[in-house]
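Chemist: Got a file for you: my_file_29.txt, compact mmCIF, N, CA and C atoms.
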```
# COMPACT_ATOMS: atom_id res chain seq x y z
N MET A 118 -47.70 -36.58 6.81
CA MET A 118 -46.44 -36.00 6.47
C MET A 118 -45.28 -36.92 6.82
N ASN A 119 -45.41 -37.70 7.87
CA ASN A 119 -44.31 -38.58 8.26
C ASN A 119 -43.92 -39.56 7.15
N ALA A 120 -44.86 -39.92 6.29
CA ALA A 120 -44.54 -40.84 5.20
C ALA A 120 -43.56 -40.21 4.21
N LEU A 121 -43.44 -38.89 4.24
CA LEU A 121 -42.55 -38.21 3.31
C LEU A 121 -41.19 -37.91 3.91
N LYS A 122 -40.93 -38.36 5.10
CA LYS A 122 -39.72 -37.97 5.81
C LYS A 122 -38.55 -38.95 5.67
N GLY A 123 -38.51 -39.74 4.61
CA GLY A 123 -37.35 -40.59 4.38
C GLY A 123 -37.46 -41.97 4.98
N ARG A 124 -38.54 -42.25 5.67
CA ARG A 124 -38.79 -43.59 6.19
C ARG A 124 -40.05 -44.08 5.54
N GLY A 125 -40.37 -45.31 5.73
CA GLY A 125 -41.61 -45.83 5.15
C GLY A 125 -41.55 -45.80 3.64
N HIS A 126 -42.45 -45.05 3.01
CA HIS A 126 -42.57 -45.02 1.56
C HIS A 126 -41.26 -44.67 0.87
N PHE A 127 -40.52 -43.70 1.39
CA PHE A 127 -39.36 -43.21 0.67
C PHE A 127 -38.07 -43.90 1.09
N GLY A 128 -38.20 -44.95 1.86
CA GLY A 128 -37.09 -45.85 2.06
C GLY A 128 -37.19 -46.99 1.05
N ARG A 129 -38.16 -46.91 0.14
CA ARG A 129 -38.42 -47.97 -0.83
C ARG A 129 -37.93 -47.56 -2.21
N GLU A 130 -37.06 -48.39 -2.78
CA GLU A 130 -36.50 -48.09 -4.11
C GLU A 130 -37.59 -48.01 -5.17
N ASP A 131 -38.63 -48.85 -5.08
CA ASP A 131 -39.69 -48.83 -6.10
C ASP A 131 -40.39 -47.47 -6.12
N VAL A 132 -40.60 -46.87 -4.97
CA VAL A 132 -41.26 -45.57 -4.91
C VAL A 132 -40.33 -44.49 -5.45
N LEU A 133 -39.06 -44.55 -5.07
CA LEU A 133 -38.10 -43.55 -5.55
C LEU A 133 -37.97 -43.59 -7.06
N LEU A 134 -37.85 -44.77 -7.63
CA LEU A 134 -37.74 -44.89 -9.09
C LEU A 134 -39.00 -44.42 -9.79
N ALA A 135 -40.15 -44.71 -9.22
CA ALA A 135 -41.43 -44.33 -9.84
C ALA A 135 -41.72 -42.84 -9.74
N GLY A 136 -40.93 -42.12 -8.97
CA GLY A 136 -41.16 -40.68 -8.81
C GLY A 136 -41.05 -39.91 -10.11
N HIS A 137 -40.25 -40.39 -11.04
CA HIS A 137 -40.05 -39.67 -12.30
C HIS A 137 -39.57 -40.65 -13.37
N PRO A 138 -40.08 -40.54 -14.60
CA PRO A 138 -39.62 -41.43 -15.66
C PRO A 138 -38.14 -41.23 -16.00
N GLU A 139 -37.55 -40.13 -15.56
CA GLU A 139 -36.14 -39.87 -15.80
C GLU A 139 -35.25 -40.37 -14.66
N HIS A 140 -35.78 -41.16 -13.76
CA HIS A 140 -34.98 -41.84 -12.74
C HIS A 140 -34.57 -43.19 -13.33
N TYR A 141 -33.30 -43.35 -13.61
CA TYR A 141 -32.83 -44.57 -14.25
C TYR A 141 -32.31 -45.59 -13.24
N SER A 142 -31.75 -45.10 -12.15
CA SER A 142 -31.21 -46.00 -11.13
C SER A 142 -31.10 -45.24 -9.82
N ILE A 143 -31.53 -45.87 -8.75
CA ILE A 143 -31.35 -45.32 -7.40
C ILE A 143 -30.98 -46.51 -6.53
N HIS A 144 -29.74 -46.50 -6.05
CA HIS A 144 -29.29 -47.64 -5.25
C HIS A 144 -28.18 -47.21 -4.30
N ALA A 145 -27.98 -48.00 -3.26
CA ALA A 145 -26.93 -47.71 -2.29
C ALA A 145 -25.58 -47.92 -2.96
N GLY A 146 -24.67 -46.98 -2.70
CA GLY A 146 -23.31 -47.07 -3.22
C GLY A 146 -22.32 -46.78 -2.11
N PRO A 147 -21.04 -46.80 -2.41
CA PRO A 147 -20.02 -46.60 -1.37
C PRO A 147 -20.03 -45.20 -0.75
N GLU A 148 -20.56 -44.23 -1.45
CA GLU A 148 -20.56 -42.84 -0.96
C GLU A 148 -21.95 -42.33 -0.63
N GLY A 149 -22.92 -43.22 -0.45
CA GLY A 149 -24.29 -42.82 -0.17
C GLY A 149 -25.21 -43.44 -1.20
N VAL A 150 -26.34 -42.80 -1.46
CA VAL A 150 -27.29 -43.29 -2.44
C VAL A 150 -26.88 -42.76 -3.81
N ASN A 151 -26.62 -43.67 -4.75
CA ASN A 151 -26.25 -43.27 -6.11
C ASN A 151 -27.53 -43.08 -6.92
N ILE A 152 -27.67 -41.89 -7.49
CA ILE A 152 -28.84 -41.55 -8.30
C ILE A 152 -28.37 -41.30 -9.72
N VAL A 153 -29.02 -41.94 -10.68
CA VAL A 153 -28.75 -41.69 -12.09
C VAL A 153 -30.05 -41.17 -12.68
N GLU A 154 -30.01 -39.92 -13.15
CA GLU A 154 -31.20 -39.29 -13.70
C GLU A 154 -30.79 -38.28 -14.76
N THR A 155 -31.79 -37.71 -15.42
CA THR A 155 -31.54 -36.72 -16.45
C THR A 155 -31.60 -35.32 -15.85
N LEU A 156 -30.62 -34.50 -16.20
CA LEU A 156 -30.62 -33.06 -15.89
C LEU A 156 -30.44 -32.34 -17.21
N GLY A 157 -31.50 -31.71 -17.69
CA GLY A 157 -31.44 -31.08 -19.01
C GLY A 157 -31.27 -32.17 -20.05
N ASP A 158 -30.32 -31.99 -20.94
CA ASP A 158 -30.04 -32.99 -21.97
C ASP A 158 -29.03 -34.03 -21.51
N TYR A 159 -28.64 -33.99 -20.25
CA TYR A 159 -27.55 -34.82 -19.76
C TYR A 159 -28.04 -35.89 -18.79
N VAL A 160 -27.52 -37.08 -18.93
CA VAL A 160 -27.74 -38.12 -17.94
C VAL A 160 -26.58 -38.00 -16.95
N CYS A 161 -26.90 -37.88 -15.68
CA CYS A 161 -25.84 -37.70 -14.70
C CYS A 161 -25.97 -38.73 -13.58
N SER A 162 -24.85 -38.98 -12.96
CA SER A 162 -24.78 -39.89 -11.82
C SER A 162 -24.15 -39.12 -10.67
N PHE A 163 -24.85 -39.09 -9.54
CA PHE A 163 -24.29 -38.43 -8.36
C PHE A 163 -24.69 -39.21 -7.13
N TYR A 164 -24.02 -38.91 -6.05
CA TYR A 164 -24.30 -39.54 -4.76
C TYR A 164 -24.97 -38.53 -3.86
N MET A 165 -26.05 -38.95 -3.24
CA MET A 165 -26.72 -38.14 -2.24
C MET A 165 -26.22 -38.62 -0.89
N HIS A 166 -25.57 -37.73 -0.16
CA HIS A 166 -25.04 -38.08 1.16
C HIS A 166 -26.21 -38.26 2.14
N PRO A 167 -25.97 -38.85 3.28
CA PRO A 167 -27.06 -39.02 4.26
C PRO A 167 -27.71 -37.67 4.59
N TRP A 168 -29.00 -37.72 4.91
CA TRP A 168 -29.69 -36.49 5.30
C TRP A 168 -28.96 -35.85 6.47
N ASP A 169 -28.94 -34.54 6.46
CA ASP A 169 -28.31 -33.69 7.48
C ASP A 169 -26.79 -33.73 7.42
N ASP A 170 -26.22 -34.31 6.37
CA ASP A 170 -24.79 -34.24 6.11
C ASP A 170 -24.61 -33.10 5.11
N ALA A 171 -24.80 -31.89 5.59
CA ALA A 171 -24.86 -30.73 4.70
C ALA A 171 -23.52 -30.04 4.57
N ALA A 172 -23.41 -29.26 3.54
CA ALA A 172 -22.20 -28.48 3.31
C ALA A 172 -22.09 -27.34 4.33
N THR A 173 -23.18 -27.04 5.02
CA THR A 173 -23.18 -25.97 6.03
C THR A 173 -23.64 -26.52 7.36
N PRO A 174 -22.84 -27.37 8.00
CA PRO A 174 -23.29 -28.02 9.24
C PRO A 174 -23.47 -27.05 10.41
N ASP A 175 -22.96 -25.82 10.31
CA ASP A 175 -23.11 -24.88 11.41
C ASP A 175 -24.51 -24.26 11.48
N VAL A 176 -25.34 -24.49 10.47
CA VAL A 176 -26.71 -23.97 10.47
C VAL A 176 -27.61 -25.02 11.10
N ASP A 177 -28.29 -24.64 12.19
CA ASP A 177 -29.16 -25.57 12.89
C ASP A 177 -30.45 -25.81 12.12
N LEU A 178 -30.88 -27.05 12.07
CA LEU A 178 -32.17 -27.40 11.49
C LEU A 178 -33.23 -27.30 12.58
N PRO A 179 -34.44 -26.85 12.23
CA PRO A 179 -35.50 -26.77 13.24
C PRO A 179 -35.82 -28.15 13.80
N THR A 180 -36.01 -28.21 15.12
CA THR A 180 -36.40 -29.48 15.75
C THR A 180 -37.68 -29.33 16.55
N ASP A 181 -38.13 -28.11 16.79
CA ASP A 181 -39.35 -27.85 17.52
C ASP A 181 -40.53 -28.39 16.72
N GLY A 182 -41.40 -29.15 17.36
CA GLY A 182 -42.55 -29.73 16.67
C GLY A 182 -43.45 -28.72 16.00
N ALA A 183 -43.46 -27.46 16.48
CA ALA A 183 -44.30 -26.43 15.89
C ALA A 183 -43.62 -25.78 14.69
N ALA A 184 -42.32 -25.93 14.57
CA ALA A 184 -41.57 -25.30 13.47
C ALA A 184 -41.47 -26.28 12.31
N PRO A 185 -41.18 -25.76 11.12
CA PRO A 185 -40.93 -26.69 10.02
C PRO A 185 -39.78 -27.61 10.37
N ARG A 186 -39.90 -28.85 9.97
CA ARG A 186 -38.82 -29.81 10.19
C ARG A 186 -38.04 -29.92 8.90
N GLY A 187 -36.74 -29.75 8.98
CA GLY A 187 -35.94 -29.73 7.77
C GLY A 187 -34.90 -30.82 7.73
N ARG A 188 -34.40 -31.03 6.53
CA ARG A 188 -33.29 -31.95 6.34
C ARG A 188 -32.51 -31.49 5.12
N ARG A 189 -31.22 -31.80 5.13
CA ARG A 189 -30.36 -31.39 4.03
C ARG A 189 -29.45 -32.55 3.65
N SER A 190 -28.97 -32.48 2.42
CA SER A 190 -28.01 -33.46 1.95
C SER A 190 -27.11 -32.82 0.90
N ARG A 191 -25.91 -33.34 0.80
CA ARG A 191 -25.01 -32.91 -0.27
C ARG A 191 -25.14 -33.85 -1.45
N MET A 192 -24.97 -33.31 -2.64
CA MET A 192 -24.89 -34.10 -3.86
C MET A 192 -23.43 -34.07 -4.29
N ALA A 193 -22.84 -35.23 -4.53
CA ALA A 193 -21.42 -35.28 -4.86
C ALA A 193 -21.15 -36.30 -5.96
N LEU A 194 -20.07 -36.05 -6.68
CA LEU A 194 -19.60 -37.02 -7.67
C LEU A 194 -18.92 -38.18 -6.95
N GLU A 195 -18.61 -39.23 -7.70
CA GLU A 195 -17.98 -40.40 -7.10
C GLU A 195 -16.66 -40.06 -6.42
N ASP A 196 -15.95 -39.05 -6.92
CA ASP A 196 -14.66 -38.68 -6.32
C ASP A 196 -14.81 -37.78 -5.09
N GLY A 197 -16.06 -37.48 -4.70
CA GLY A 197 -16.32 -36.66 -3.52
C GLY A 197 -16.54 -35.19 -3.80
N THR A 198 -16.36 -34.75 -5.04
CA THR A 198 -16.58 -33.35 -5.40
C THR A 198 -18.05 -32.99 -5.19
N VAL A 199 -18.31 -32.01 -4.33
CA VAL A 199 -19.68 -31.57 -4.07
C VAL A 199 -20.17 -30.75 -5.26
N ILE A 200 -21.32 -31.15 -5.82
CA ILE A 200 -21.87 -30.45 -6.98
C ILE A 200 -23.19 -29.76 -6.68
N GLY A 201 -23.67 -29.89 -5.45
CA GLY A 201 -24.91 -29.23 -5.11
C GLY A 201 -25.41 -29.69 -3.75
N THR A 202 -26.54 -29.13 -3.37
CA THR A 202 -27.18 -29.52 -2.11
C THR A 202 -28.68 -29.66 -2.34
N ILE A 203 -29.30 -30.41 -1.47
CA ILE A 203 -30.75 -30.59 -1.46
C ILE A 203 -31.22 -30.22 -0.07
N SER A 204 -32.31 -29.46 0.02
CA SER A 204 -32.87 -29.07 1.30
C SER A 204 -34.38 -29.18 1.22
N ASN A 205 -34.98 -29.84 2.22
CA ASN A 205 -36.43 -29.98 2.30
C ASN A 205 -36.88 -29.57 3.69
N GLU A 206 -37.97 -28.82 3.77
CA GLU A 206 -38.58 -28.48 5.05
C GLU A 206 -40.06 -28.83 4.98
N TYR A 207 -40.57 -29.43 6.04
CA TYR A 207 -41.96 -29.85 6.11
C TYR A 207 -42.62 -29.25 7.34
N ALA A 208 -43.88 -28.86 7.21
CA ALA A 208 -44.65 -28.37 8.35
C ALA A 208 -46.07 -28.92 8.25
N ASP A 209 -46.57 -29.47 9.37
CA ASP A 209 -47.96 -29.91 9.42
C ASP A 209 -48.86 -28.69 9.48
N VAL A 210 -49.95 -28.74 8.72
CA VAL A 210 -50.98 -27.70 8.77
C VAL A 210 -52.32 -28.43 8.81
N PRO A 211 -53.39 -27.76 9.25
CA PRO A 211 -54.69 -28.44 9.29
C PRO A 211 -55.04 -29.04 7.92
N GLY A 212 -55.35 -30.33 7.92
CA GLY A 212 -55.75 -31.00 6.69
C GLY A 212 -54.61 -31.42 5.78
N GLY A 213 -53.35 -31.25 6.21
CA GLY A 213 -52.25 -31.64 5.33
C GLY A 213 -50.90 -31.17 5.81
N PHE A 214 -50.09 -30.69 4.88
CA PHE A 214 -48.76 -30.21 5.22
C PHE A 214 -48.31 -29.21 4.17
N GLU A 215 -47.29 -28.46 4.52
CA GLU A 215 -46.63 -27.56 3.58
C GLU A 215 -45.19 -28.02 3.45
N VAL A 216 -44.63 -27.84 2.27
CA VAL A 216 -43.25 -28.26 2.04
C VAL A 216 -42.51 -27.18 1.27
N SER A 217 -41.26 -27.00 1.63
CA SER A 217 -40.37 -26.10 0.91
C SER A 217 -39.21 -26.95 0.40
N LEU A 218 -39.01 -26.94 -0.91
CA LEU A 218 -37.98 -27.77 -1.53
C LEU A 218 -36.93 -26.88 -2.18
N SER A 219 -35.68 -27.27 -2.04
CA SER A 219 -34.62 -26.46 -2.62
C SER A 219 -33.48 -27.35 -3.10
N VAL A 220 -32.96 -27.04 -4.25
CA VAL A 220 -31.76 -27.69 -4.77
C VAL A 220 -30.82 -26.60 -5.24
N THR A 221 -29.56 -26.69 -4.87
CA THR A 221 -28.57 -25.77 -5.42
C THR A 221 -27.70 -26.55 -6.39
N LEU A 222 -27.42 -25.92 -7.51
CA LEU A 222 -26.56 -26.50 -8.54
C LEU A 222 -25.51 -25.45 -8.91
N PRO A 223 -24.38 -25.86 -9.45
CA PRO A 223 -23.36 -24.88 -9.84
C PRO A 223 -23.88 -23.92 -10.91
N LYS A 224 -23.45 -22.68 -10.84
CA LYS A 224 -23.84 -21.67 -11.83
C LYS A 224 -23.45 -22.11 -13.24
N SER A 225 -22.37 -22.87 -13.34
CA SER A 225 -21.89 -23.33 -14.64
C SER A 225 -22.82 -24.33 -15.32
N CYS A 226 -23.85 -24.82 -14.60
CA CYS A 226 -24.78 -25.78 -15.21
C CYS A 226 -25.52 -25.18 -16.40
N GLY A 227 -25.77 -23.92 -16.38
CA GLY A 227 -26.54 -23.30 -17.44
C GLY A 227 -28.02 -23.26 -17.10
N ARG A 228 -28.68 -22.26 -17.62
CA ARG A 228 -30.09 -22.01 -17.32
C ARG A 228 -30.98 -23.19 -17.73
N ASP A 229 -30.68 -23.84 -18.87
CA ASP A 229 -31.52 -24.94 -19.34
C ASP A 229 -31.51 -26.12 -18.37
N VAL A 230 -30.35 -26.40 -17.79
CA VAL A 230 -30.26 -27.50 -16.82
C VAL A 230 -31.04 -27.15 -15.56
N ILE A 231 -30.92 -25.91 -15.11
CA ILE A 231 -31.64 -25.47 -13.91
C ILE A 231 -33.14 -25.51 -14.14
N GLU A 232 -33.60 -24.98 -15.27
CA GLU A 232 -35.04 -25.00 -15.59
C GLU A 232 -35.56 -26.44 -15.67
N HIS A 233 -34.80 -27.30 -16.31
CA HIS A 233 -35.22 -28.71 -16.41
C HIS A 233 -35.31 -29.34 -15.02
N HIS A 234 -34.33 -29.04 -14.15
CA HIS A 234 -34.37 -29.66 -12.83
C HIS A 234 -35.52 -29.13 -12.00
N LEU A 235 -35.89 -27.85 -12.16
CA LEU A 235 -37.07 -27.34 -11.45
C LEU A 235 -38.31 -28.14 -11.84
N GLU A 236 -38.47 -28.41 -13.13
CA GLU A 236 -39.60 -29.22 -13.58
C GLU A 236 -39.49 -30.65 -13.07
N HIS A 237 -38.29 -31.20 -13.12
CA HIS A 237 -38.04 -32.56 -12.65
C HIS A 237 -38.42 -32.70 -11.17
N PHE A 238 -37.97 -31.73 -10.37
CA PHE A 238 -38.24 -31.73 -8.94
C PHE A 238 -39.74 -31.67 -8.67
N ALA A 239 -40.46 -30.81 -9.41
CA ALA A 239 -41.91 -30.68 -9.23
C ALA A 239 -42.62 -32.00 -9.56
N VAL A 240 -42.23 -32.64 -10.65
CA VAL A 240 -42.87 -33.89 -11.06
C VAL A 240 -42.61 -34.99 -10.03
N GLU A 241 -41.35 -35.16 -9.62
CA GLU A 241 -41.05 -36.27 -8.71
C GLU A 241 -41.73 -36.09 -7.36
N PHE A 242 -41.72 -34.88 -6.81
CA PHE A 242 -42.36 -34.70 -5.51
C PHE A 242 -43.88 -34.82 -5.61
N ARG A 243 -44.46 -34.36 -6.71
CA ARG A 243 -45.90 -34.55 -6.88
C ARG A 243 -46.22 -36.04 -6.89
N ASN A 244 -45.46 -36.81 -7.65
CA ASN A 244 -45.71 -38.26 -7.71
C ASN A 244 -45.48 -38.93 -6.36
N TRP A 245 -44.44 -38.54 -5.64
CA TRP A 245 -44.18 -39.13 -4.33
C TRP A 245 -45.28 -38.78 -3.34
N ILE A 246 -45.77 -37.54 -3.37
CA ILE A 246 -46.85 -37.13 -2.46
C ILE A 246 -48.12 -37.91 -2.77
N LEU A 247 -48.45 -38.05 -4.05
CA LEU A 247 -49.64 -38.82 -4.42
C LEU A 247 -49.51 -40.28 -4.01
N THR A 248 -48.32 -40.86 -4.17
CA THR A 248 -48.10 -42.25 -3.76
C THR A 248 -48.27 -42.39 -2.25
N ALA A 249 -47.67 -41.48 -1.49
CA ALA A 249 -47.78 -41.53 -0.03
C ALA A 249 -49.23 -41.35 0.40
N ALA A 250 -49.94 -40.43 -0.23
CA ALA A 250 -51.35 -40.18 0.12
C ALA A 250 -52.21 -41.41 -0.18
N ALA A 251 -51.95 -42.06 -1.31
CA ALA A 251 -52.74 -43.24 -1.68
C ALA A 251 -52.51 -44.40 -0.72
N GLU A 252 -51.31 -44.48 -0.16
CA GLU A 252 -51.00 -45.57 0.76
C GLU A 252 -51.27 -45.23 2.21
N HIS A 253 -51.64 -43.99 2.47
CA HIS A 253 -51.90 -43.53 3.83
C HIS A 253 -53.24 -42.82 3.85
N VAL A 254 -54.31 -43.58 3.80
CA VAL A 254 -55.65 -43.02 3.76
C VAL A 254 -56.08 -42.65 5.17
N VAL A 255 -56.55 -41.41 5.33
CA VAL A 255 -57.04 -40.91 6.61
C VAL A 255 -58.55 -40.72 6.49
N PRO A 256 -59.34 -41.24 7.43
CA PRO A 256 -60.79 -41.03 7.38
C PRO A 256 -61.12 -39.54 7.34
N VAL A 257 -62.10 -39.18 6.53
CA VAL A 257 -62.48 -37.77 6.33
C VAL A 257 -62.79 -37.08 7.65
N GLU A 258 -63.47 -37.76 8.57
CA GLU A 258 -63.85 -37.11 9.83
C GLU A 258 -62.61 -36.73 10.66
N SER A 259 -61.47 -37.38 10.45
CA SER A 259 -60.29 -37.05 11.26
C SER A 259 -59.56 -35.81 10.76
N VAL A 260 -59.88 -35.31 9.56
CA VAL A 260 -59.25 -34.09 9.07
C VAL A 260 -60.19 -32.89 9.18
N GLY A 261 -61.33 -33.10 9.78
CA GLY A 261 -62.23 -32.00 10.07
C GLY A 261 -62.98 -31.46 8.85
N VAL A 262 -63.24 -32.29 7.88
CA VAL A 262 -63.98 -31.83 6.69
C VAL A 262 -65.45 -31.95 6.93
```
For this file, write the structure as structure tokens.

Modeler:
Amino acid sequence: MNALKGRGHFGREDVLLAGHPEHYSIHAGPEGVNIVETLGDYVCSFYMHPWDDAATPDVDLPTDGAAPRGRRSRMALEDGTVIGTISNEYADVPGGFEVSLSVTLPKSCGRDVIEHHLEHFAVEFRNWILTAAAEHVVPVESVGV
């Protein structure tokens, strides 16, 4: 699970771009990581602020090793206008991990954009998980199979 926590594999631009064919550009910019991808029929460019730079900083993220470990980020336009948030929580379980993924987008986006992004999110995380798993092979006897 640590490979999915923003270090290692996911600190690599090649892995981030390969997560989805609709990732056109992911690079450092003046306001954070600039992501250019498709949302519905639209190509959009937004900045992902550093993890845990959330729109709701008064909400504590779990830090107990037994609890899910979470992280949040704001999505903003180049002018700083917040257009959404991203939240991920991870928990180790026997033989693997569980993850809860969440993205908030403005209601004005329309149902088609939201439905497309749900599919987009599922595809990219599936690809990232498979990439991390392929690069982090654990002997079968260590997972108790």

Chemist: As an exercise, work out the distance from atom C of A:His237 to atom C of A:Pro211 in Å and give it to one decimal place.

Modeler: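 For atom C of A:His237 relative to atom C of A:Pro211, the distance reads 25.6 Å.
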
Chemist: Atom N of A:Gly197 and atom C of A:Cys161 are how many Å apart?

Modeler: 13.4 Å

Chemist: Pick out the closest residue to A:Glu195 from this set: A:Asp229, A:Ala251, A:Asp209, A:Gly146. Count only C-alpha atoms.

Modeler: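 For A:Glu195, the nearest of the candidates is A:Gly146.
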
Chemist: Under the rule that only N, CA and C atoms are counted, which of A:Phe163, A:Phe214, A:Phe238, A:Trp245 is the nearest residue to A:Val150?

Modeler: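 Going through A:Phe163, A:Phe214, A:Phe238, A:Trp245 one by one, the smallest distance to A:Val150 is for A:Phe163.
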
Chemist: Kindly indicate which residue among A:Val160, A:Leu222, A:Ile231, A:Ile143 lies nearest to A:Val199, using only C-alpha atoms for the distances.

Modeler: A:Leu222

Chemist: To one decimal place in Å, what is the distance between atom C of A:Gly227 and atom N of A:Ala193?

Modeler: 18.1 Å

Chemist: Using all atoms listed in the file, can you tell me which of A:Ser225, A:Ser217, A:Ser204, A:Asn244 comes closest to A:Arg191?

Modeler: A:Ser204

Chemist: Let me make sure I understand: among A:Glu206, A:Asp158, A:Leu134, A:Met165, which one has the smallest atom-to-atom distance to A:Met192 if we use all atoms listed in the file?

Modeler: A:Met165

Chemist: Please identify the helix (DSSP H, G or I) residues within stretch 192-262 of chain A (assignment by DSSP from backbone atoms) and present them as a ChimeraX atom specification.

Modeler: /A:224-226,228-252,257-260

Chemist: Which residue out of A:Glu154, A:Ala208, A:Tyr159, A:Lys224 has the minimum interatomic distance to A:Ser142 when only N, CA and C atoms are used?

Modeler: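 Residue with the minimum atom-to-atom distance to A:Ser142: A:Glu154.
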
Chemist: When you get a chance, write out N, CA, C and O atoms for stretch 147-160 of chain A, as a PDB file, in the coordinates of the input.

Modeler:
```
ATOM      1  N   PRO A 147     -21.040 -46.800  -2.410  1.00  0.00           N
ATOM      2  CA  PRO A 147     -20.020 -46.600  -1.370  1.00  0.00           C
ATOM      3  C   PRO A 147     -20.030 -45.200  -0.750  1.00  0.00           C
ATOM      4  O   PRO A 147     -19.595 -45.025   0.377  1.00  0.00           O
ATOM      5  N   GLU A 148     -20.560 -44.230  -1.450  1.00  0.00           N
ATOM      6  CA  GLU A 148     -20.560 -42.840  -0.960  1.00  0.00           C
ATOM      7  C   GLU A 148     -21.950 -42.330  -0.630  1.00  0.00           C
ATOM      8  O   GLU A 148     -22.176 -41.134  -0.570  1.00  0.00           O
ATOM      9  N   GLY A 149     -22.920 -43.220  -0.450  1.00  0.00           N
ATOM     10  CA  GLY A 149     -24.290 -42.820  -0.170  1.00  0.00           C
ATOM     11  C   GLY A 149     -25.210 -43.440  -1.200  1.00  0.00           C
ATOM     12  O   GLY A 149     -24.900 -44.475  -1.788  1.00  0.00           O
ATOM     13  N   VAL A 150     -26.340 -42.800  -1.460  1.00  0.00           N
ATOM     14  CA  VAL A 150     -27.290 -43.290  -2.440  1.00  0.00           C
ATOM     15  C   VAL A 150     -26.880 -42.760  -3.810  1.00  0.00           C
ATOM     16  O   VAL A 150     -26.769 -41.557  -4.017  1.00  0.00           O
ATOM     17  N   ASN A 151     -26.620 -43.670  -4.750  1.00  0.00           N
ATOM     18  CA  ASN A 151     -26.250 -43.270  -6.110  1.00  0.00           C
ATOM     19  C   ASN A 151     -27.530 -43.080  -6.920  1.00  0.00           C
ATOM     20  O   ASN A 151     -28.361 -43.977  -7.005  1.00  0.00           O
ATOM     21  N   ILE A 152     -27.670 -41.890  -7.490  1.00  0.00           N
ATOM     22  CA  ILE A 152     -28.840 -41.550  -8.300  1.00  0.00           C
ATOM     23  C   ILE A 152     -28.370 -41.300  -9.720  1.00  0.00           C
ATOM     24  O   ILE A 152     -27.430 -40.529  -9.936  1.00  0.00           O
ATOM     25  N   VAL A 153     -29.020 -41.940 -10.680  1.00  0.00           N
ATOM     26  CA  VAL A 153     -28.750 -41.690 -12.090  1.00  0.00           C
ATOM     27  C   VAL A 153     -30.050 -41.170 -12.680  1.00  0.00           C
ATOM     28  O   VAL A 153     -31.076 -41.858 -12.648  1.00  0.00           O
ATOM     29  N   GLU A 154     -30.010 -39.920 -13.150  1.00  0.00           N
ATOM     30  CA  GLU A 154     -31.200 -39.290 -13.700  1.00  0.00           C
ATOM     31  C   GLU A 154     -30.790 -38.280 -14.760  1.00  0.00           C
ATOM     32  O   GLU A 154     -29.607 -38.024 -14.962  1.00  0.00           O
ATOM     33  N   THR A 155     -31.790 -37.710 -15.420  1.00  0.00           N
ATOM     34  CA  THR A 155     -31.540 -36.720 -16.450  1.00  0.00           C
ATOM     35  C   THR A 155     -31.600 -35.320 -15.850  1.00  0.00           C
ATOM     36  O   THR A 155     -32.495 -35.004 -15.075  1.00  0.00           O
ATOM     37  N   LEU A 156     -30.620 -34.500 -16.200  1.00  0.00           N
ATOM     38  CA  LEU A 156     -30.620 -33.060 -15.890  1.00  0.00           C
ATOM     39  C   LEU A 156     -30.440 -32.340 -17.210  1.00  0.00           C
ATOM     40  O   LEU A 156     -29.366 -32.384 -17.813  1.00  0.00           O
ATOM     41  N   GLY A 157     -31.500 -31.710 -17.690  1.00  0.00           N
ATOM     42  CA  GLY A 157     -31.440 -31.080 -19.010  1.00  0.00           C
ATOM     43  C   GLY A 157     -31.270 -32.170 -20.050  1.00  0.00           C
ATOM     44  O   GLY A 157     -31.972 -33.176 -20.043  1.00  0.00           O
ATOM     45  N   ASP A 158     -30.320 -31.990 -20.940  1.00  0.00           N
ATOM     46  CA  ASP A 158     -30.040 -32.990 -21.970  1.00  0.00           C
ATOM     47  C   ASP A 158     -29.030 -34.030 -21.510  1.00  0.00           C
ATOM     48  O   ASP A 158     -28.579 -34.848 -22.303  1.00  0.00           O
ATOM     49  N   TYR A 159     -28.640 -33.990 -20.250  1.00  0.00           N
ATOM     50  CA  TYR A 159     -27.550 -34.820 -19.760  1.00  0.00           C
ATOM     51  C   TYR A 159     -28.040 -35.890 -18.790  1.00  0.00           C
ATOM     52  O   TYR A 159     -28.860 -35.613 -17.922  1.00  0.00           O
ATOM     53  N   VAL A 160     -27.520 -37.080 -18.930  1.00  0.00           N
ATOM     54  CA  VAL A 160     -27.740 -38.120 -17.940  1.00  0.00           C
ATOM     55  C   VAL A 160     -26.580 -38.000 -16.950  1.00  0.00           C
ATOM     56  O   VAL A 160     -25.424 -37.960 -17.355  1.00  0.00           O
TER      57      VAL A 160
END
```
